[in-house]
Amino acid sequence: MGACRRANGLIALCLAALLLAIATACSEDRPEPTTLRVLASPELADMGPVLDELRRETGISLEMDYRGTVDAGSELAGPGGRRHDLAWLSSDRYYLLKARANGDRGEKPLATSIMSSPVVIGMKRDVAARLRKGTSDGQISWADAADAAADGSLRFAMADPRRTNSGLAALVGVATAAAGTGTVLRPDDVSCDRLRGFFAGHALTGDASAKLAGGFTARQGELNALITYESELLALNKSGRLREPLEIVYPRDGMVLSDYPVLLLDPAKRAAYDTLVQWLRSEPVQKRIMERTLRRPIDPAVPRSEPLRQPVGNALYFPDDQKVIDRLLADYGDPERDRSSQVIFLLDFSTSMRGKRIERLRETFDALAGEDDSSSGKFARFHRGETLTVMRFGGRVLDERSVTYEGPSDLDRLRGFVASDDFDDATAVWSSLDRAYRTASALVRKHPGRSLSIVLMTDGENNTGMDVDTFVRRHARLPKDARAVRTYAIRYGEANARELDRGARATGGRMVDATDRSLISAFKEIRGCTD
C-alpha cells in the first residue's frame, strides 16, 4: 500500500512538472502585450478586423483616437501636439506643411506608408456617358465636372476640406486642374477663386468620408455624383444600398493619392512601431487589407483584385506652401453659407467699339456662357445661381440690366444685352464707374455677405464727366461695405493704362491689359478674382 502511494505521488509530481513545462512554453510563444495610443483618421475604422488579428499575432493593441485628418494635422503641428504614441492618417501632407508654417524645423517623425487610395469621382452612368461623349478621347476631366456643375447638370457630395483629407485632396485636385500649369500649385495660381462654378454643384457635405457615403445614399435620387476615395466608392457599390452602382471616374487631369502613413510620435515606442509596420506591410496582411478595405496594397508585388486593376493615372502634387492651402480653404469658406455671387460688367459702348471690337466682346460673352470648350473656359464660365449685371456706357450709362442664371434662356437674355447697337460718341469712364458703385452700394445693403465685383472694359480714354482723381476721392467716401467691392479693369484699344490701373487699384482690384492678347483671355484671368 505504501509503495502504491509513493508511485501515485511520483506520477502526480511528473504531471505537475509536465503541465508547468507546457505553460512555460506557451507563455514564451505568446507575445508581450503592448498598447499604443494612435491619433487616426476616421476612415480607418474599417480596419477593425485586421487590427484584431494584429493583436492576436503580435500582442500589439492599437487604441484608436479618431479625428478628421485636417483637424488631426493641425493638432499635431501645434504646441504639445504629439500626445499620442503614433499617428495613422490618410495623409501626413497637411500636417507636415502646417508644422513647417508654424516654424517647426525639428526632425520629422518616422513615417511608413501602408496602403493607398486616390480621391476620384463616382458618377451615375448616364451623367458619365454624357460627359464622356463631349470629350475628344473619352476621358472625363475635373474641367468637365466643373463645366457640368456650373450649368447645373452635376450635383455632387464631397466632404468638407476644412476637416477631411478626401475633401482637401479633391479641392487641391480641381484647383490644380483650374490653374492649368501641370505643376504644384503656387500662391499666384490661386489668387483668384476659379472654382465657383465647380462648387455651384456642391449639394451635400460632411465631416467624414464614411458618413458622406450614407448621406449620398439617403439622397441618391437628387444627387448624381460623389467625390471621395476610390475605396469608399467601391465599398458603396458593393454594399447594395444604391439603386444603381456609380461609375468610378479617374479624372484625366490628375488626382491626389492618399498613402495612409503610420507616424512614430514617441521614439520610446520604436520597437513596437517596427513590429507593427513590418506586420502591416507583410504580403499576407497587405492582401487581407486589400480584400477588407478595397484600398491598394503599398507593396507592388501583391496582385491586385479585379476592382483595383484600373490604373490610377496622373498623380498630382500636393502644394508645398501653406499659403496655397489657406487660400483654397478661405475661398471654400463655410459650405452652409450663401454661395451666390454677382458681377457688374461695365462695358464701353462708345463709337470706337463698333465693328471688330464689339464682335470680339460678344464672342467673349458667348464663350463665358459655355461655348468655350477649353479647360480654362470650363472653369471660367458663368455658373448657376450667379447674377450678372450689364451696364453699357458711353458719355453716360446707357442701359442697366440684370439676369440670374438659372437656365439656358437666362444666358440668351444676357447675350441680348450686349447685342445692342446703341453706341454713344463720348466716353465717360469714371462717371460711369461712379454710377456702378451707387448700384453696388444698394446691392451690398440688400444682400450682405454676397460676393460682388465690378469688371470695367473700355477701349478709349475718358473724355467727359469726372476724372480719375475725382472718382478716387468719391470712392474713398463710400460706406465700408461698398468700398470693399473691387473693380477689375480690362484695357482694350487706346484706353489710358495708367489711369485704369490707378482707378482699379484704388478699389483693391487691378488692371488687365488686353491690347496684345485676346479679350476672352483677359476676362478669364479675372473671373473669380477677390484681391
# chains A, B, ... in the order shown; residues from 1 in each chain; ligands from 1
>>> select_by_dssp(residues="range 175-395 of chain A", states="helix (DSSP H, G or I)", output="PyMOL selection string")
chain A and resi 175-179+187-190+196-199+209-218+230-239+267-280+283-293+306-308+322-332+351-353+356-371+375-380
>>> residues_around(residues="Arg396 in chain A", least_positions_apart="3", cutoff="9 Å", atoms="only C-alpha atoms", output="PyMOL selection string")
chain A and resi 392-393+424+426-429+431-432+464-465
>>> select_by_dssp(residues="range 20-230 of chain A", states="strand (DSSP E)", output="PyMOL selection string")
chain A and resi 34-40+60-66+86-88+111-113+115-123+156-158+202-204+225-229
>>> residues_around(residues="Phe199 in chain A", least_positions_apart="4", cutoff="8 Å", atoms="only C-alpha atoms", output="PDB file with N, CA, C and O atoms, in the first residue's frame")
ATOM      1  N   ALA A 146     -16.417  70.455 -63.646  1.00  0.00           N
ATOM      2  CA  ALA A 146     -16.697  71.853 -63.295  1.00  0.00           C
ATOM      3  C   ALA A 146     -17.705  72.465 -64.259  1.00  0.00           C
ATOM      4  O   ALA A 146     -18.607  73.217 -63.854  1.00  0.00           O
ATOM      5  N   ALA A 149     -21.100  71.097 -63.384  1.00  0.00           N
ATOM      6  CA  ALA A 149     -21.576  71.692 -62.130  1.00  0.00           C
ATOM      7  C   ALA A 149     -22.057  73.116 -62.365  1.00  0.00           C
ATOM      8  O   ALA A 149     -23.076  73.549 -61.813  1.00  0.00           O
ATOM      9  N   ALA A 150     -21.329  73.855 -63.201  1.00  0.00           N
ATOM     10  CA  ALA A 150     -21.696  75.252 -63.469  1.00  0.00           C
ATOM     11  C   ALA A 150     -23.024  75.358 -64.196  1.00  0.00           C
ATOM     12  O   ALA A 150     -23.805  76.294 -63.940  1.00  0.00           O
ATOM     13  N   LEU A 195     -13.006  78.324 -58.786  1.00  0.00           N
ATOM     14  CA  LEU A 195     -13.766  77.111 -58.519  1.00  0.00           C
ATOM     15  C   LEU A 195     -15.231  77.388 -58.197  1.00  0.00           C
ATOM     16  O   LEU A 195     -15.958  76.485 -57.784  1.00  0.00           O
TER      17      LEU A 195
END
>>> closest_atom_pairs(of="range 157-271 of chain A", to="range 366-384 of chain A", cutoff="7 Å", atoms="only C-alpha atoms", output="JSON lines")
{"residue": "A:Ala178", "atom": "CA", "partner": "A:Phe379", "partner_atom": "CA", "distance": 6.3}
{"residue": "A:Arg194", "atom": "CA", "partner": "A:Phe379", "partner_atom": "CA", "distance": 6.1}
{"residue": "A:Leu195", "atom": "CA", "partner": "A:Phe379", "partner_atom": "CA", "distance": 6.7}
{"residue": "A:Gly197", "atom": "CA", "partner": "A:His383", "partner_atom": "CA", "distance": 5.0}
{"residue": "A:Ala200", "atom": "CA", "partner": "A:Arg384", "partner_atom": "CA", "distance": 6.4}
>>> write_last_selection(atoms="all heavy atoms", output="PDB file, in the first residue's frame")
ATOM      1  N   ALA A 178      -7.608  73.654 -62.596  1.00  0.00           N
ATOM      2  CA  ALA A 178      -8.031  75.006 -62.984  1.00  0.00           C
ATOM      3  C   ALA A 178      -6.843  75.900 -63.289  1.00  0.00           C
ATOM      4  O   ALA A 178      -6.900  76.753 -64.179  1.00  0.00           O
ATOM      5  CB  ALA A 178      -8.879  75.621 -61.876  1.00  0.00           C
ATOM      6  N   ARG A 194     -11.248  80.351 -58.951  1.00  0.00           N
ATOM      7  CA  ARG A 194     -11.793  79.867 -60.218  1.00  0.00           C
ATOM      8  C   ARG A 194     -12.670  78.631 -60.030  1.00  0.00           C
ATOM      9  O   ARG A 194     -13.007  77.964 -61.004  1.00  0.00           O
ATOM     10  CB  ARG A 194     -10.655  79.577 -61.197  1.00  0.00           C
ATOM     11  CG  ARG A 194      -9.901  80.848 -61.604  1.00  0.00           C
ATOM     12  CD  ARG A 194      -8.866  80.587 -62.682  1.00  0.00           C
ATOM     13  NE  ARG A 194      -8.283  81.837 -63.127  1.00  0.00           N
ATOM     14  CZ  ARG A 194      -7.218  82.410 -62.578  1.00  0.00           C
ATOM     15  NH1 ARG A 194      -6.622  81.824 -61.559  1.00  0.00           N
ATOM     16  NH2 ARG A 194      -6.760  83.554 -63.035  1.00  0.00           N
ATOM     17  N   LEU A 195     -13.006  78.324 -58.786  1.00  0.00           N
ATOM     18  CA  LEU A 195     -13.766  77.111 -58.519  1.00  0.00           C
ATOM     19  C   LEU A 195     -15.231  77.388 -58.197  1.00  0.00           C
ATOM     20  O   LEU A 195     -15.958  76.485 -57.784  1.00  0.00           O
ATOM     21  CB  LEU A 195     -13.122  76.337 -57.359  1.00  0.00           C
ATOM     22  CG  LEU A 195     -11.630  76.023 -57.501  1.00  0.00           C
ATOM     23  CD1 LEU A 195     -11.183  75.104 -56.367  1.00  0.00           C
ATOM     24  CD2 LEU A 195     -11.312  75.402 -58.844  1.00  0.00           C
ATOM     25  N   GLY A 197     -17.770  78.002 -60.118  1.00  0.00           N
ATOM     26  CA  GLY A 197     -18.654  77.217 -60.962  1.00  0.00           C
ATOM     27  C   GLY A 197     -18.710  75.772 -60.518  1.00  0.00           C
ATOM     28  O   GLY A 197     -19.777  75.153 -60.475  1.00  0.00           O
ATOM     29  N   ALA A 200     -20.791  75.374 -57.477  1.00  0.00           N
ATOM     30  CA  ALA A 200     -22.222  75.592 -57.679  1.00  0.00           C
ATOM     31  C   ALA A 200     -22.973  74.260 -57.650  1.00  0.00           C
ATOM     32  O   ALA A 200     -24.169  74.213 -57.364  1.00  0.00           O
ATOM     33  CB  ALA A 200     -22.468  76.303 -59.012  1.00  0.00           C
TER      34      ALA A 200
END
>>> closest_residue(among="A:Asp501, A:Glu107, A:Glu230, A:Glu32", to="Leu265 in chain A", atoms="only C-alpha atoms")
A:Glu107
>>> residues_around(residues="range 276-290 of chain A", least_positions_apart="4", cutoff="12 Å", atoms="only C-alpha atoms", output="short mmCIF file (atom, residue, chain, number, x, y, z; two decimals) with N, CA, C and O atoms, in the first residue's frame")
data_model
loop_
_atom_site.label_atom_id
_atom_site.label_comp_id
_atom_site.auth_asym_id
_atom_site.auth_seq_id
_atom_site.Cartn_x
_atom_site.Cartn_y
_atom_site.Cartn_z
N THR A 34 1.20 44.85 -25.75
CA THR A 34 1.59 46.26 -25.84
C THR A 34 0.41 47.06 -26.36
O THR A 34 -0.24 46.64 -27.34
N THR A 35 0.12 48.18 -25.73
CA THR A 35 -0.95 49.05 -26.20
C THR A 35 -0.35 50.37 -26.67
O THR A 35 0.42 51.01 -25.95
N LEU A 36 -0.70 50.77 -27.87
CA LEU A 36 -0.22 52.03 -28.44
C LEU A 36 -1.41 52.95 -28.68
O LEU A 36 -2.43 52.54 -29.25
N LEU A 44 -10.24 54.90 -41.09
CA LEU A 44 -9.54 53.68 -40.70
C LEU A 44 -10.38 52.80 -39.78
O LEU A 44 -9.93 51.71 -39.39
N ASP A 46 -12.65 51.01 -40.64
CA ASP A 46 -12.92 49.74 -41.32
C ASP A 46 -11.78 48.73 -41.17
O ASP A 46 -11.87 47.59 -41.64
N MET A 47 -10.70 49.13 -40.50
CA MET A 47 -9.57 48.23 -40.28
C MET A 47 -9.75 47.38 -39.02
O MET A 47 -8.85 46.63 -38.64
N GLY A 48 -10.90 47.51 -38.34
CA GLY A 48 -11.12 46.82 -37.07
C GLY A 48 -10.76 45.33 -37.08
O GLY A 48 -9.98 44.87 -36.24
N PRO A 49 -11.29 44.53 -38.02
CA PRO A 49 -10.96 43.10 -38.03
C PRO A 49 -9.47 42.82 -38.25
O PRO A 49 -8.92 41.88 -37.68
N VAL A 50 -8.82 43.65 -39.06
CA VAL A 50 -7.39 43.49 -39.29
C VAL A 50 -6.61 43.78 -38.00
O VAL A 50 -5.65 43.07 -37.66
N LEU A 51 -7.05 44.79 -37.27
CA LEU A 51 -6.35 45.14 -36.02
C LEU A 51 -6.58 44.09 -34.94
O LEU A 51 -5.73 43.92 -34.05
N GLU A 53 -6.64 40.91 -35.64
CA GLU A 53 -5.62 39.93 -36.00
C GLU A 53 -4.24 40.40 -35.56
O GLU A 53 -3.40 39.58 -35.12
N LEU A 54 -3.99 41.68 -35.67
CA LEU A 54 -2.71 42.25 -35.22
C LEU A 54 -2.48 41.94 -33.74
O LEU A 54 -1.38 41.51 -33.35
N ARG A 55 -3.49 42.12 -32.94
CA ARG A 55 -3.37 41.88 -31.50
C ARG A 55 -3.09 40.41 -31.21
O ARG A 55 -2.23 40.09 -30.39
N ARG A 56 -3.80 39.52 -31.91
CA ARG A 56 -3.60 38.09 -31.67
C ARG A 56 -2.21 37.63 -32.11
O ARG A 56 -1.59 36.79 -31.45
N GLU A 57 -1.73 38.16 -33.22
CA GLU A 57 -0.47 37.67 -33.79
C GLU A 57 0.77 38.36 -33.23
O GLU A 57 1.86 37.77 -33.24
N THR A 58 0.64 39.59 -32.78
CA THR A 58 1.83 40.34 -32.32
C THR A 58 1.73 40.81 -30.88
O THR A 58 2.73 41.27 -30.32
N GLY A 59 0.54 40.78 -30.30
CA GLY A 59 0.35 41.31 -28.95
C GLY A 59 0.17 42.81 -28.91
O GLY A 59 -0.01 43.39 -27.84
N ILE A 60 0.19 43.46 -30.08
CA ILE A 60 0.05 44.92 -30.13
C ILE A 60 -1.41 45.30 -30.28
O ILE A 60 -2.08 44.88 -31.24
N SER A 61 -1.90 46.09 -29.36
CA SER A 61 -3.25 46.64 -29.44
C SER A 61 -3.16 48.12 -29.78
O SER A 61 -2.37 48.85 -29.17
N LEU A 62 -3.95 48.56 -30.76
CA LEU A 62 -3.99 49.97 -31.12
C LEU A 62 -5.24 50.61 -30.54
O LEU A 62 -6.37 50.18 -30.84
N LEU A 86 1.51 57.13 -31.63
CA LEU A 86 1.58 57.09 -33.09
C LEU A 86 0.48 57.95 -33.68
O LEU A 86 -0.49 58.31 -33.00
N TRP A 88 -1.84 57.70 -37.35
CA TRP A 88 -2.10 56.94 -38.57
C TRP A 88 -3.16 57.72 -39.35
O TRP A 88 -4.34 57.68 -39.02
N LEU A 110 9.27 59.56 -37.99
CA LEU A 110 9.42 58.43 -38.89
C LEU A 110 8.04 58.06 -39.43
O LEU A 110 7.07 57.96 -38.67
N ALA A 111 7.93 57.86 -40.74
CA ALA A 111 6.64 57.58 -41.37
C ALA A 111 6.78 56.40 -42.32
O ALA A 111 7.77 56.31 -43.07
N THR A 112 5.79 55.52 -42.33
CA THR A 112 5.79 54.35 -43.21
C THR A 112 4.42 54.23 -43.87
O THR A 112 3.40 54.10 -43.17
N SER A 113 4.38 54.28 -45.19
CA SER A 113 3.12 54.15 -45.93
C SER A 113 2.63 52.71 -45.87
O SER A 113 3.43 51.77 -45.98
N ILE A 114 1.31 52.54 -45.74
CA ILE A 114 0.74 51.20 -45.56
C ILE A 114 -0.12 50.77 -46.75
O ILE A 114 -0.10 49.61 -47.15
N MET A 115 -0.88 51.68 -47.32
CA MET A 115 -1.80 51.35 -48.41
C MET A 115 -2.11 52.65 -49.14
O MET A 115 -1.66 53.72 -48.71
N SER A 116 -2.86 52.61 -50.22
CA SER A 116 -3.15 53.85 -50.94
C SER A 116 -4.54 53.81 -51.54
O SER A 116 -5.10 52.74 -51.79
N SER A 117 -5.09 55.01 -51.77
CA SER A 117 -6.37 55.16 -52.45
C SER A 117 -6.44 56.57 -53.02
O SER A 117 -6.19 57.54 -52.30
N SER A 231 -11.69 53.67 -52.62
CA SER A 231 -12.10 52.56 -51.75
C SER A 231 -13.52 52.75 -51.23
O SER A 231 -14.30 51.78 -51.14
N LEU A 234 -15.93 51.93 -54.13
CA LEU A 234 -16.02 50.50 -54.37
C LEU A 234 -16.86 49.81 -53.29
O LEU A 234 -17.68 48.93 -53.60
N ALA A 235 -16.65 50.22 -52.05
CA ALA A 235 -17.41 49.63 -50.94
C ALA A 235 -18.89 49.97 -51.05
O ALA A 235 -19.77 49.12 -50.80
N TYR A 260 -1.81 56.66 -46.47
CA TYR A 260 -2.08 56.12 -45.13
C TYR A 260 -0.81 55.80 -44.33
O TYR A 260 -0.58 54.65 -43.93
N PRO A 261 0.04 56.79 -44.07
CA PRO A 261 1.28 56.52 -43.34
C PRO A 261 1.04 56.36 -41.83
O PRO A 261 0.17 57.02 -41.25
N VAL A 262 1.85 55.49 -41.22
CA VAL A 262 1.90 55.40 -39.75
C VAL A 262 3.11 56.20 -39.30
O VAL A 262 4.23 55.99 -39.77
N LEU A 263 2.89 57.17 -38.38
CA LEU A 263 3.95 58.05 -37.91
C LEU A 263 4.33 57.71 -36.48
O LEU A 263 3.44 57.51 -35.64
N LEU A 264 5.60 57.64 -36.21
CA LEU A 264 6.10 57.38 -34.85
C LEU A 264 6.25 58.72 -34.13
O LEU A 264 7.12 59.52 -34.46
N LYS A 269 8.71 54.18 -28.34
CA LYS A 269 7.89 53.06 -28.81
C LYS A 269 8.41 52.52 -30.16
O LYS A 269 7.67 51.87 -30.89
N ARG A 270 9.67 52.77 -30.46
CA ARG A 270 10.22 52.39 -31.76
C ARG A 270 10.14 50.88 -32.01
O ARG A 270 9.81 50.44 -33.12
N ALA A 271 10.44 50.06 -31.01
CA ALA A 271 10.43 48.61 -31.21
C ALA A 271 9.03 48.13 -31.61
O ALA A 271 8.87 47.33 -32.55
N ALA A 272 8.02 48.60 -30.87
CA ALA A 272 6.64 48.20 -31.19
C ALA A 272 6.24 48.76 -32.57
O ALA A 272 5.53 48.08 -33.33
N LEU A 294 -10.62 47.46 -49.64
CA LEU A 294 -10.61 47.86 -51.05
C LEU A 294 -9.63 49.00 -51.32
O LEU A 294 -9.80 49.75 -52.27
N ARG A 295 -8.61 49.11 -50.44
CA ARG A 295 -7.50 50.04 -50.72
C ARG A 295 -6.39 49.27 -51.43
O ARG A 295 -6.28 48.06 -51.32
N ARG A 296 -5.55 50.01 -52.13
CA ARG A 296 -4.49 49.39 -52.93
C ARG A 296 -3.30 49.04 -52.03
O ARG A 296 -2.88 49.87 -51.23
N PRO A 297 -2.75 47.83 -52.18
CA PRO A 297 -1.56 47.48 -51.39
C PRO A 297 -0.40 48.40 -51.73
O PRO A 297 -0.22 48.80 -52.88
N ILE A 298 0.39 48.74 -50.72
CA ILE A 298 1.57 49.57 -50.97
C ILE A 298 2.67 48.75 -51.61
O ILE A 298 3.56 49.28 -52.28
N ASP A 299 2.60 47.44 -51.42
CA ASP A 299 3.59 46.52 -51.99
C ASP A 299 3.19 46.19 -53.42
O ASP A 299 2.17 45.53 -53.66
N PRO A 300 3.98 46.60 -54.42
CA PRO A 300 3.60 46.34 -55.81
C PRO A 300 3.61 44.86 -56.18
O PRO A 300 3.04 44.47 -57.20
N ALA A 301 4.24 44.03 -55.35
CA ALA A 301 4.30 42.61 -55.65
C ALA A 301 2.99 41.90 -55.34
O ALA A 301 2.77 40.77 -55.80
N VAL A 302 2.12 42.52 -54.55
CA VAL A 302 0.84 41.89 -54.20
C VAL A 302 -0.13 42.03 -55.38
O VAL A 302 -0.43 43.16 -55.80
N PRO A 303 -0.62 40.95 -55.93
CA PRO A 303 -1.55 41.03 -57.06
C PRO A 303 -2.82 41.79 -56.67
O PRO A 303 -3.40 41.54 -55.61
N ARG A 304 -3.25 42.72 -57.54
CA ARG A 304 -4.46 43.50 -57.26
C ARG A 304 -5.71 42.67 -57.55
O ARG A 304 -5.74 41.90 -58.51
N SER A 305 -6.72 42.89 -56.73
CA SER A 305 -8.02 42.27 -57.02
C SER A 305 -8.64 42.98 -58.22
O SER A 305 -8.23 44.08 -58.60
N GLU A 306 -9.64 42.37 -58.80
CA GLU A 306 -10.22 42.88 -60.05
C GLU A 306 -10.61 44.36 -59.99
O GLU A 306 -10.28 45.13 -60.90
N PRO A 307 -11.30 44.83 -58.94
CA PRO A 307 -11.71 46.25 -58.93
C PRO A 307 -10.54 47.23 -58.87
O PRO A 307 -10.72 48.42 -59.18
N LEU A 308 -9.35 46.76 -58.47
CA LEU A 308 -8.22 47.65 -58.28
C LEU A 308 -7.17 47.55 -59.39
O LEU A 308 -6.06 48.06 -59.24
N ARG A 309 -7.53 46.92 -60.49
CA ARG A 309 -6.58 46.80 -61.60
C ARG A 309 -6.60 47.99 -62.54
O ARG A 309 -5.75 48.11 -63.41
#
>>> residues_around(residues="range 477-489 of chain A", least_positions_apart="4", cutoff="6 Å", atoms="only C-alpha atoms", output="PyMOL selection string")
chain A and resi 441+453-457+504+507-511
>>> residues_around(residues="range 512-528 of chain A", least_positions_apart="6", cutoff="6 Å", atoms="only C-alpha atoms", output="list in words")
Cys192, Asp193, Arg194, Thr364, Ala380, Ile490, Arg491, Tyr492 and Gly493 of chain A
